[in-house]
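Enquirer: For reference, this is start.pdb, and it has PDB, C-alpha atoms.
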ATOM      1  CA  MET B  21      55.379 -27.288 -39.565
ATOM      2  CA  LEU B  22      51.683 -26.988 -38.735
ATOM      3  CA  LYS B  23      51.104 -25.465 -42.164
ATOM      4  CA  ASN B  24      52.678 -28.508 -43.842
ATOM      5  CA  TRP B  25      50.557 -30.820 -41.694
ATOM      6  CA  ARG B  26      47.412 -28.994 -42.813
ATOM      7  CA  GLY B  27      48.431 -29.285 -46.436
ATOM      8  CA  TRP B  28      49.047 -33.008 -46.097
ATOM      9  CA  ALA B  29      45.762 -33.479 -44.233
ATOM     10  CA  ALA B  30      43.854 -31.658 -46.961
ATOM     11  CA  ALA B  31      45.615 -33.689 -49.684
ATOM     12  CA  LEU B  32      44.818 -36.968 -47.914
ATOM     13  CA  LEU B  33      41.190 -35.965 -47.494
ATOM     14  CA  LEU B  34      40.892 -35.087 -51.168
ATOM     15  CA  MET B  35      42.459 -38.425 -52.131
ATOM     16  CA  ALA B  36      40.018 -40.238 -49.849
ATOM     17  CA  LEU B  37      37.151 -38.344 -51.440
ATOM     18  CA  GLY B  38      38.411 -39.241 -54.899
ATOM     19  CA  LEU B  39      38.635 -42.914 -53.985
ATOM     20  CA  GLN B  40      35.139 -42.795 -52.485
ATOM     21  CA  LEU B  41      33.789 -41.360 -55.742
ATOM     22  CA  GLY B  42      35.707 -43.875 -57.857
ATOM     23  CA  ILE B  43      38.277 -41.420 -59.195
ATOM     24  CA  SER B  44      41.770 -42.882 -59.227
ATOM     25  CA  PRO B  45      44.353 -40.572 -57.632
ATOM     26  CA  LEU B  46      47.014 -42.065 -59.887
ATOM     27  CA  LEU B  47      47.179 -41.291 -63.574
ATOM     28  CA  GLY B  48      47.962 -44.869 -64.631
ATOM     29  CA  GLN B  49      46.233 -46.930 -67.282
ATOM     30  CA  GLU B  50      43.154 -48.972 -66.516
ATOM     31  CA  ASP B  51      43.674 -52.665 -65.908
ATOM     32  CA  ARG B  52      42.490 -53.578 -69.394
ATOM     33  CA  GLU B  53      44.192 -54.505 -72.601
ATOM     34  CA  TYR B  54      43.570 -53.053 -76.017
ATOM     35  CA  SER B  55      42.438 -55.606 -78.555
ATOM     36  CA  GLY B  56      42.903 -55.694 -82.294
ATOM     37  CA  THR B  57      43.152 -52.663 -84.496
ATOM     38  CA  SER B  58      39.799 -51.173 -83.554
ATOM     39  CA  GLY B  59      41.150 -49.713 -80.314
ATOM     40  CA  ALA B  60      38.242 -51.201 -78.379
ATOM     41  CA  ARG B  61      38.928 -52.337 -74.858
ATOM     42  CA  SER B  62      38.144 -55.844 -73.757
ATOM     43  CA  PRO B  63      38.417 -57.438 -70.342
ATOM     44  CA  ARG B  64      41.195 -59.891 -69.629
ATOM     45  CA  TYR B  65      38.699 -62.623 -68.821
ATOM     46  CA  TYR B  66      35.134 -63.674 -69.450
ATOM     47  CA  LEU B  67      32.851 -66.212 -67.878
ATOM     48  CA  SER B  68      31.851 -69.284 -69.855
ATOM     49  CA  LEU B  69      28.817 -71.425 -69.129
ATOM     50  CA  GLY B  70      28.290 -74.780 -70.819
ATOM     51  CA  THR B  71      30.147 -77.885 -71.864
ATOM     52  CA  GLU B  72      33.099 -78.068 -74.212
ATOM     53  CA  ASP B  73      31.057 -79.338 -77.164
ATOM     54  CA  ALA B  74      28.119 -76.934 -76.699
ATOM     55  CA  LEU B  75      27.693 -74.063 -79.139
ATOM     56  CA  THR B  76      28.245 -70.866 -77.168
ATOM     57  CA  ILE B  77      27.706 -67.204 -77.995
ATOM     58  CA  LYS B  78      29.380 -64.116 -76.551
ATOM     59  CA  ILE B  79      27.108 -61.475 -74.983
ATOM     60  CA  PHE B  80      27.773 -58.255 -73.077
ATOM     61  CA  ILE B  81      25.904 -57.215 -69.943
ATOM     62  CA  TRP B  82      26.216 -53.618 -68.721
ATOM     63  CA  GLY B  83      24.674 -51.424 -66.084
ATOM     64  CA  GLN B  84      22.801 -52.195 -62.918
ATOM     65  CA  VAL B  85      23.608 -55.890 -62.471
ATOM     66  CA  GLU B  86      25.804 -57.352 -59.757
ATOM     67  CA  GLN B  87      28.555 -58.514 -62.151
ATOM     68  CA  PRO B  88      28.542 -56.717 -65.505
ATOM     69  CA  GLY B  89      30.899 -58.052 -68.141
ATOM     70  CA  VAL B  90      31.418 -60.301 -71.125
ATOM     71  CA  TYR B  91      29.785 -63.719 -70.931
ATOM     72  CA  GLU B  92      29.909 -66.810 -73.109
ATOM     73  CA  VAL B  93      26.585 -68.587 -72.808
ATOM     74  CA  PRO B  94      24.962 -71.542 -74.581
ATOM     75  CA  ASP B  95      23.101 -70.661 -77.757
ATOM     76  CA  GLY B  96      19.410 -70.250 -76.928
ATOM     77  CA  THR B  97      20.000 -68.457 -73.611
ATOM     78  CA  ASP B  98      17.224 -65.985 -72.839
ATOM     79  CA  LEU B  99      17.475 -62.562 -71.195
ATOM     80  CA  ILE B 100      16.415 -63.788 -67.732
ATOM     81  CA  ALA B 101      19.080 -66.515 -67.692
ATOM     82  CA  ALA B 102      21.729 -64.002 -68.787
ATOM     83  CA  LEU B 103      20.728 -61.487 -66.105
ATOM     84  CA  SER B 104      20.781 -64.286 -63.536
ATOM     85  CA  LEU B 105      24.258 -65.315 -64.675
ATOM     86  CA  ALA B 106      25.391 -61.713 -64.102
ATOM     87  CA  GLY B 107      24.247 -61.940 -60.486
ATOM     88  CA  GLY B 108      20.819 -60.455 -61.056
ATOM     89  CA  PRO B 109      19.769 -56.819 -61.017
ATOM     90  CA  THR B 110      20.917 -54.407 -58.323
ATOM     91  CA  ASP B 111      18.462 -52.592 -56.069
ATOM     92  CA  TYR B 112      18.684 -49.568 -58.398
ATOM     93  CA  ALA B 113      17.904 -51.408 -61.658
ATOM     94  CA  LYS B 114      15.115 -50.027 -63.821
ATOM     95  CA  LEU B 115      13.584 -53.348 -64.851
ATOM     96  CA  SER B 116      10.759 -51.777 -66.834
ATOM     97  CA  GLU B 117      13.205 -50.665 -69.561
ATOM     98  CA  VAL B 118      15.980 -53.222 -70.077
ATOM     99  CA  ARG B 119      17.541 -52.675 -73.501
ATOM    100  CA  VAL B 120      18.978 -55.333 -75.774
ATOM    101  CA  ILE B 121      21.153 -53.842 -78.508
ATOM    102  CA  ARG B 122      21.390 -56.216 -81.427
ATOM    103  CA  SER B 123      23.762 -55.603 -84.328
ATOM    104  CA  ASP B 124      24.529 -57.867 -87.259
ATOM    105  CA  GLY B 125      27.373 -55.708 -88.560
ATOM    106  CA  THR B 126      25.365 -53.502 -90.915
ATOM    107  CA  ASP B 127      22.077 -52.886 -89.113
ATOM    108  CA  SER B 128      21.342 -52.320 -85.444
ATOM    109  CA  GLU B 129      18.129 -52.596 -83.513
ATOM    110  CA  VAL B 130      17.324 -51.792 -79.913
ATOM    111  CA  LEU B 131      14.750 -53.932 -78.131
ATOM    112  CA  THR B 132      13.205 -52.497 -74.977
ATOM    113  CA  ILE B 133      12.102 -55.287 -72.668
ATOM    114  CA  ASN B 134       9.799 -54.841 -69.670
ATOM    115  CA  VAL B 135      11.259 -57.432 -67.305
ATOM    116  CA  LYS B 136       9.078 -56.092 -64.480
ATOM    117  CA  GLU B 137       5.958 -57.023 -66.468
ATOM    118  CA  TYR B 138       7.376 -60.518 -66.974
ATOM    119  CA  MET B 139       7.953 -60.782 -63.208
ATOM    120  CA  ASP B 140       4.357 -59.668 -62.552
ATOM    121  CA  THR B 141       2.678 -61.883 -65.157
ATOM    122  CA  GLY B 142       5.090 -64.765 -65.799
ATOM    123  CA  ASP B 143       4.523 -64.338 -69.557
ATOM    124  CA  ILE B 144       7.693 -65.859 -71.041
ATOM    125  CA  SER B 145       6.816 -64.496 -74.491
ATOM    126  CA  LEU B 146       7.990 -61.065 -73.243
ATOM    127  CA  ILE B 147      11.560 -62.333 -72.834
ATOM    128  CA  PRO B 148      13.755 -62.589 -75.959
ATOM    129  CA  VAL B 149      16.369 -65.238 -76.688
ATOM    130  CA  LEU B 150      19.770 -63.576 -77.000
ATOM    131  CA  LYS B 151      21.834 -63.695 -80.166
ATOM    132  CA  PRO B 152      25.620 -63.534 -80.609
ATOM    133  CA  ARG B 153      27.177 -60.181 -79.611
ATOM    134  CA  ASP B 154      23.953 -58.810 -78.084
ATOM    135  CA  THR B 155      24.524 -56.079 -75.511
ATOM    136  CA  VAL B 156      22.150 -56.023 -72.553
ATOM    137  CA  VAL B 157      21.902 -52.636 -70.808
ATOM    138  CA  VAL B 158      20.133 -52.363 -67.454
ATOM    139  CA  SER B 159      19.631 -48.675 -66.681
ATOM    140  CA  ALA B 160      19.474 -47.100 -63.236
ATOM    141  CA  THR B 161      16.407 -45.576 -61.663
ATOM    142  CA  VAL B 162      16.145 -41.849 -60.965
ATOM    143  CA  PHE B 163      16.558 -42.674 -57.267
ATOM    144  CA  ARG B 164      20.070 -44.040 -58.003
ATOM    145  CA  MET B 165      21.099 -40.764 -59.633
ATOM    146  CA  PHE B 166      19.713 -38.793 -56.680
ATOM    147  CA  TYR B 167      21.510 -41.116 -54.252
ATOM    148  CA  ARG B 168      24.860 -40.613 -56.033
ATOM    149  CA  PHE B 169      24.384 -36.837 -56.054
ATOM    150  CA  ALA B 170      23.501 -36.803 -52.330
ATOM    151  CA  ALA B 171      26.544 -38.967 -51.536
ATOM    152  CA  PHE B 172      28.786 -36.594 -53.500
ATOM    153  CA  VAL B 173      27.425 -33.525 -51.683
ATOM    154  CA  SER B 174      27.869 -35.319 -48.360
ATOM    155  CA  GLN B 175      31.524 -36.114 -49.103
ATOM    156  CA  ILE B 176      32.240 -32.526 -50.141
ATOM    157  CA  ALA B 177      30.622 -31.274 -46.909
ATOM    158  CA  ILE B 178      32.772 -33.625 -44.814
ATOM    159  CA  VAL B 179      35.989 -32.504 -46.532
ATOM    160  CA  ALA B 180      35.040 -28.832 -46.191
ATOM    161  CA  ASN B 181      34.195 -29.328 -42.504
ATOM    162  CA  VAL B 182      37.525 -31.056 -41.753
ATOM    163  CA  ILE B 183      39.494 -28.384 -43.602
ATOM    164  CA  TRP B 184      37.625 -25.669 -41.699
ATOM    165  CA  LEU B 185      38.268 -27.417 -38.351
ATOM    166  CA  VAL B 186      41.987 -27.902 -39.111
ATOM    167  CA  SER B 187      42.468 -24.303 -40.277
ATOM    168  CA  ASN B 188      40.670 -22.791 -37.237
ATOM    169  CA  ARG B 189      42.676 -24.626 -34.573
TER     170      ARG B 189
END
Output the file's structure in the form of structure tokens.
Expert:
Amino acid sequence: MLKNWRGWAAALLLMALGLQLGISPLLGQEDREYSGTSGARSPRYYLSLGTEDALTIKIFIWGQVEQPGVYEVPDGTDLIAALSLAGGPTDYAKLSEVRVIRSDGTDSEVLTINVKEYMDTGDISLIPVLKPRDTVVVSATVFRMFYRFAAFVSQIAIVANVIWLVSNR
């Protein structure tokens, strides 16, 4: 019976570790729907800002912001307003290299915006106005990657320590 208890304890610890690292212990589908024939995934909802009769555009905000997702914003919205709508950057955001990926269907261009310089100087000319279907990507700093690695190693050490303690009782 003790052997079964150890097995269950180890399984529960591994599940807890998986949940801590964002790995689902169940093999179910994500809570997203497939849209159209392209097979691309789209969220079930998006946030809209503006009045009913205002012209709005759809933009995508990814990465190190508080609330990444799909947003419908008034035409003429700039990058700072869009980032603010997404809750602002996280503590790990690399604001010196925010990318705006712009595609018109045939051609794509990537704009690299130094939002940190804008924050230091207040020069609004550094901030672009977003266009329909722009994707804003806020990358993480190297510190964020180190932090995630250290957290992973810490979780593995905890699981190994508990398994060692349970098996040596």
Enquirer: Please measure the separation of atom CA of B:Pro109 and atom CA of B:Ala74, giving the value in Å to one decimal.
Expert: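 Atom CA of B:Ala74 lies 26.8 Å from atom CA of B:Pro109.
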Enquirer: List every protein, DNA or RNA residue with an atom no more than 12 Å from (27.2, -41.6, -59.5) in the file's coordinates, counting all atoms listed in the file, and format the result as a count of residues only.
Expert: 20
Enquirer: Work out how far apart atom CA of B:Gly142 and atom CA of B:Val157 are and give it in Å to one decimal.
Expert: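 These two atoms are separated by 21.3 Å.
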Enquirer: Running the PyMOL selection byres ((chain B and resi 153) around 9) on this model by hand, what would come out? Give it as an MDAnalysis selection string.
Expert: chainID B and resid 77:80 121:124 150:152 154:155
Enquirer: Put those residues in a file: C-alpha atoms, as a short mmCIF file (atom, residue, chain, number, x, y, z; two decimals), in the coordinates of the input.
Expert:
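Generated file (part00.cif):
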data_model
loop_
_atom_site.label_atom_id
_atom_site.label_comp_id
_atom_site.auth_asym_id
_atom_site.auth_seq_id
_atom_site.Cartn_x
_atom_site.Cartn_y
_atom_site.Cartn_z
CA ILE B 77 27.71 -67.20 -78.00
CA LYS B 78 29.38 -64.12 -76.55
CA ILE B 79 27.11 -61.48 -74.98
CA PHE B 80 27.77 -58.26 -73.08
CA ILE B 121 21.15 -53.84 -78.51
CA ARG B 122 21.39 -56.22 -81.43
CA SER B 123 23.76 -55.60 -84.33
CA ASP B 124 24.53 -57.87 -87.26
CA LEU B 150 19.77 -63.58 -77.00
CA LYS B 151 21.83 -63.70 -80.17
CA PRO B 152 25.62 -63.53 -80.61
CA ASP B 154 23.95 -58.81 -78.08
CA THR B 155 24.52 -56.08 -75.51
#
Enquirer: Which of these residues is nearest to B:Arg119, using all atoms listed in the file: B:Val135, B:Leu105, B:Ile183, B:Ile176?
Expert: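 Using all atoms listed in the file, B:Arg119 sits closest to B:Val135.
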Enquirer: Got a sec to resolve the PyMOL selection byres ((chain B and resi 94) around 8) on this structure and send the residues as a CSV table (one decimal) with C-alpha atoms, keeping the file's coordinate frame?
Expert:
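What ended up in selection33.csv:
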chain,number,residue,atom,x,y,z
B,69,LEU,CA,28.8,-71.4,-69.1
B,70,GLY,CA,28.3,-74.8,-70.8
B,74,ALA,CA,28.1,-76.9,-76.7
B,75,LEU,CA,27.7,-74.1,-79.1
B,76,THR,CA,28.2,-70.9,-77.2
B,77,ILE,CA,27.7,-67.2,-78.0
B,92,GLU,CA,29.9,-66.8,-73.1
B,93,VAL,CA,26.6,-68.6,-72.8
B,95,ASP,CA,23.1,-70.7,-77.8
B,96,GLY,CA,19.4,-70.2,-76.9
B,97,THR,CA,20.0,-68.5,-73.6
Enquirer: Could you please determine the separation between atom CA of B:Val85 and atom CA of B:Val130 in Å, to one decimal place?
Expert: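 Interatomic distance, atom CA of B:Val85 to atom CA of B:Val130: 19.0 Å.
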Enquirer: Assuming the chain letters and numbering stay as they are in my file, what does the PyMOL selection byres ((chain B and resi 86) around 10) actually select? List them as number ranges by chain.
Expert: B: 82-85, 87-89, 103-111
Enquirer: Would you put the residues from that selection into a file with C-alpha atoms, as a PDB file, keeping the file's coordinate frame?
Expert:
ATOM      1  CA  TRP B  82      26.216 -53.618 -68.721  1.00  0.00           C
ATOM      2  CA  GLY B  83      24.674 -51.424 -66.084  1.00  0.00           C
ATOM      3  CA  GLN B  84      22.801 -52.195 -62.918  1.00  0.00           C
ATOM      4  CA  VAL B  85      23.608 -55.890 -62.471  1.00  0.00           C
ATOM      5  CA  GLN B  87      28.555 -58.514 -62.151  1.00  0.00           C
ATOM      6  CA  PRO B  88      28.542 -56.717 -65.505  1.00  0.00           C
ATOM      7  CA  GLY B  89      30.899 -58.052 -68.141  1.00  0.00           C
ATOM      8  CA  LEU B 103      20.728 -61.487 -66.105  1.00  0.00           C
ATOM      9  CA  SER B 104      20.781 -64.286 -63.536  1.00  0.00           C
ATOM     10  CA  LEU B 105      24.258 -65.315 -64.675  1.00  0.00           C
ATOM     11  CA  ALA B 106      25.391 -61.713 -64.102  1.00  0.00           C
ATOM     12  CA  GLY B 107      24.247 -61.940 -60.486  1.00  0.00           C
ATOM     13  CA  GLY B 108      20.819 -60.455 -61.056  1.00  0.00           C
ATOM     14  CA  PRO B 109      19.769 -56.819 -61.017  1.00  0.00           C
ATOM     15  CA  THR B 110      20.917 -54.407 -58.323  1.00  0.00           C
ATOM     16  CA  ASP B 111      18.462 -52.592 -56.069  1.00  0.00           C
TER      17      ASP B 111
END
